[in-house]
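Structure first, then comments.
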Amino acid sequence: MPVNLLDEPDIQAESRDYHWTLNFGPQHPATHTTLRLVLELEGETILKATPDIGYLHSGFEKLGEHLNLNQYVTVVDRKNYISPPMNEVAWHNAVEKLLGIELTERCKYIRVIIGELARISDHLLCAGAAALDLGAFTAFLYAFNLREQIYDIYEEMSGYRFHPGFTRVGGVMYDFTERVIDRIERLLKTLPKVLADMEKLLFRNKIFLERMRGVGTLTKADALSFCATGPVARASGVTYDLRKDEPYLVYPEFDFDVPFATEGDCFARFHVRMEEMVQASRILRQALDKLPGGPVNVPIAEKFPMPDKGTTYNSMEGLIQHFELVMPNRGFQTPKNEIYAAVEGPNGELGYYLITDGTQVAWRTRTRPPSFIHFQLFPHLIRNHMISDVVAVLGSLNIIAAELDR
Amino acid sequence: MKTLKTPDKTLAELRKRLGEGVFTVSENLDNLRLHVPAAKLIDLLTALRNDFGFQLTELGGEDYLGYPGRSASRDRFEVHYILLNHDTAERLVVKTGVSDPDPTLPSVYSLWHGADWMEREVFDMYGIIFAGHPDLRRILMPEGFRSFPLRKDYPLRGRGERHNFSRLTREES
Amino acid sequence: MAVKPGLIELPGRSGKSGSGVFAPEGTIFTTLDAVVNWCRKNSLWPMPFATACCGIELMAVGSSRFDIARFGAEVMRFSPRQCDLMIVAGRVVMKMMPVLQRIWLQMPEPKYAISMGACASSGGIFDTYAVVQGVDRFIPIDVYIPGCPPRPEQILRAVMDVQAKVQKGGSALGNLGLPELRRMEEQLVQIKPRAALPGVATERADESRYGYRLPGGESLVGRRDS
């Protein structure tokens, strides 16, 4: 079943005696779970790298054709599993755009908050794992400890440490309580300290800098040709950020900057991610200060949200709406149309091409997976580098295997 | 997602460059879609990239077998290309259709290298062949897999492929 | 029972005091198996076969808050030749299954396996064409952890369960498995897949298996396979 890449005519070992092939197998600590690379080497220099993916392909897109628009959010979480709420925000952004639902102000703020928390969580893990792969174990532990605080926030708001499955069509699962906001405030106090600690550990460390600077350089033209987005593209000079250029939710009301670099090497990507965390904490601070009151789900009359128990038992409309949503094969109407809608995920542009056919079950849920598109860059970036640069480049591209393979 | 800033002007210029009748336009909310037949796909995308500054961001396929309300004369498969102009923040959706016996489309690898794996995935999932692609083989499914999973006539649970492995007992291992 | 001060006695077969073996105080009498099992259980080296989201919870177990080092298991060596506890964390796809089996075969005895999460134990939410519905169909598993993903405390509990299993069922020569489960293991090899019951429509057969009807209607539900 695994691909025998040695059968391909241009990697025949006999024809070039001094090249040899190394298999960076699907089970390897540095490959961030289930990626396979077949490297053709001359000594320690890599001449050609062929990725072999699909070791985590679980049929997400086919599942989307059998699950209801609200049920699918639990599955969507499991794609970019280090920042699950961002996937949910992206999915329901597409669904609500297609259905034409206008969210309440409070819901938009809540979605921005969980999105930015997800972004911090993702960048922390990416930075931590990049440091871990280069041998800096302490930075990894610092990052993970802070992520535990973010998990505490998710747990307080939804009951799950991660994969909250928090958003719904027309709103969110539960409203934010005081304790959630307390925890976010506490996170905002500890975040700058942890980031400063990580910077102190890494940014003046000669070994780290030597291993990351000048390695895996991506030029701006290549970034555009390979369809890169997000921090990978921004580190190469493509200054496009969906939060600023095609704003969604309430991003126009926040004052934040979009970091970018022009070198395009691993260190630039790392630095862009660290800086994005600082900007995300700025957005969180402003969002918490401006969080409006009011209802968090759209009104029942629009037939999308699940009413709470009080409304269900005390009003006729609530009862009917609850029945409609819970009983199978009933529910709200969807248009027979298709749409592409994207948000700025931590990894890049995370979009959905969604086709609905009138029922509550989508017809086609195509994800635009940023990791998949960025992994195509890898053979291009790693040419003529050494084996030890493989981990540096892979870590900087932030390849999440579940998003890669879906 | 924003569409063209001055859609009429841009579309008129595009029509002038390519000639009339090459594409049809449809719109939904803020997606502006251009439907183009497979033969004119490369011309349209080349014009959009070179003259209008659009870059590809996404490429995917759809299978419309059994879609309610779709006439049988339309193509079964469609492939969409999402294009983005980074400088003006404009987006376009380009759609092409292909039909079942030998679905083939020209590959856009020569325009954007990022289309490489995305086209391989469309081939893997739907069986649409991209002519001119440097290395069209299965990417997500194992090499020997014979069906195209995302087609509507392939069941969700598969046809038993996932159970085809030998069982290791404690004595053997 | 001290006969002389400073000595303890392991009684002999006749039970009479004074007829057994004498040893200085502080000696523990036990079996070799128990000692070896005790050593093994307190230094289980996990082989993290982390595929997906459960892998992140596994990393969290290894980090400072839910320290797995307390159980002697923080040495997550990624070479199967050096490990004795394989933790299958995450969904295992068809393409990955031969890799998993090969790694299992490479691990030396005595070896134990934990199937972590719903996806490894039974396929989880991914009842699709590509995901193996339970790793225990192809690999012998000792402990299952439910959850999606399981909390780190559950993983620690599973490690403790494996430790209990090692203490009870292992021997100095290798892992013979718990005595009460050995027969069940033999029977498991004989199980054939169940055919659809006669007179029951194919799609309703799925209902009895899952207990609910998938939304979207029967036309989209796949044919019932083994």
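Every chain in the structure tokens takes a letter, A first, then B, and so on in the order presented; its residues are numbered from 1, and the ligands are numbered from 1 following the presented order.
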Taking only C-alpha atoms into account, report as JSON, numbers by chain which residues of chain A lie within 6 Å of chain C. {"A": [33, 34, 55, 56, 58, 81]}
Go ahead and write the residues just picked, C-alpha atoms, as a compact mmCIF listing (two decimals), in the first residue's frame.
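Written output follows (part18.txt):
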# COMPACT_ATOMS: atom_id res chain seq x y z
CA THR A 33 2.82 13.44 12.94
CA THR A 34 2.25 11.42 9.80
CA TYR A 55 -1.48 9.14 6.11
CA LEU A 56 -4.21 10.94 7.98
CA SER A 58 -10.06 10.66 7.11
CA TYR A 81 -6.41 20.68 15.95
Which residues, written as a PyMOL selection string, have at least one atom at most 10 Å from Ala164 (chain C), with only C-alpha atoms counted and residues fewer than 6 positions away on the same chain left out? chain C and resi 37-38+41+158+170
Please give the complete set of residues from chain B that DSSP, run on the backbone, assigns to helix (DSSP H, G or I), formatted as number ranges by chain. B: 7-18, 38-52, 115-126, 161-163
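The gap separating CA of Val21 (chain C) from CA of Gly6 (chain C) is 13.7 Å, in Å to one decimal.
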For Leu350 (chain A), please output as a ChimeraX atom specification all residues within 7 Å (counting only C-alpha atoms; exclusion window: fewer than 6 positions along the same chain). /A:90,342-344,368-370
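Here CA of Pro140 (chain C) is placed at a distance of 13.4 Å from CA of Met116 (chain C).
Residues within 8 Å of Arg120 (chain B), counting only C-alpha atoms and excluding same-chain residues fewer than 5 positions away, are B:Leu136, B:Arg137, B:Arg138, B:Ile139.
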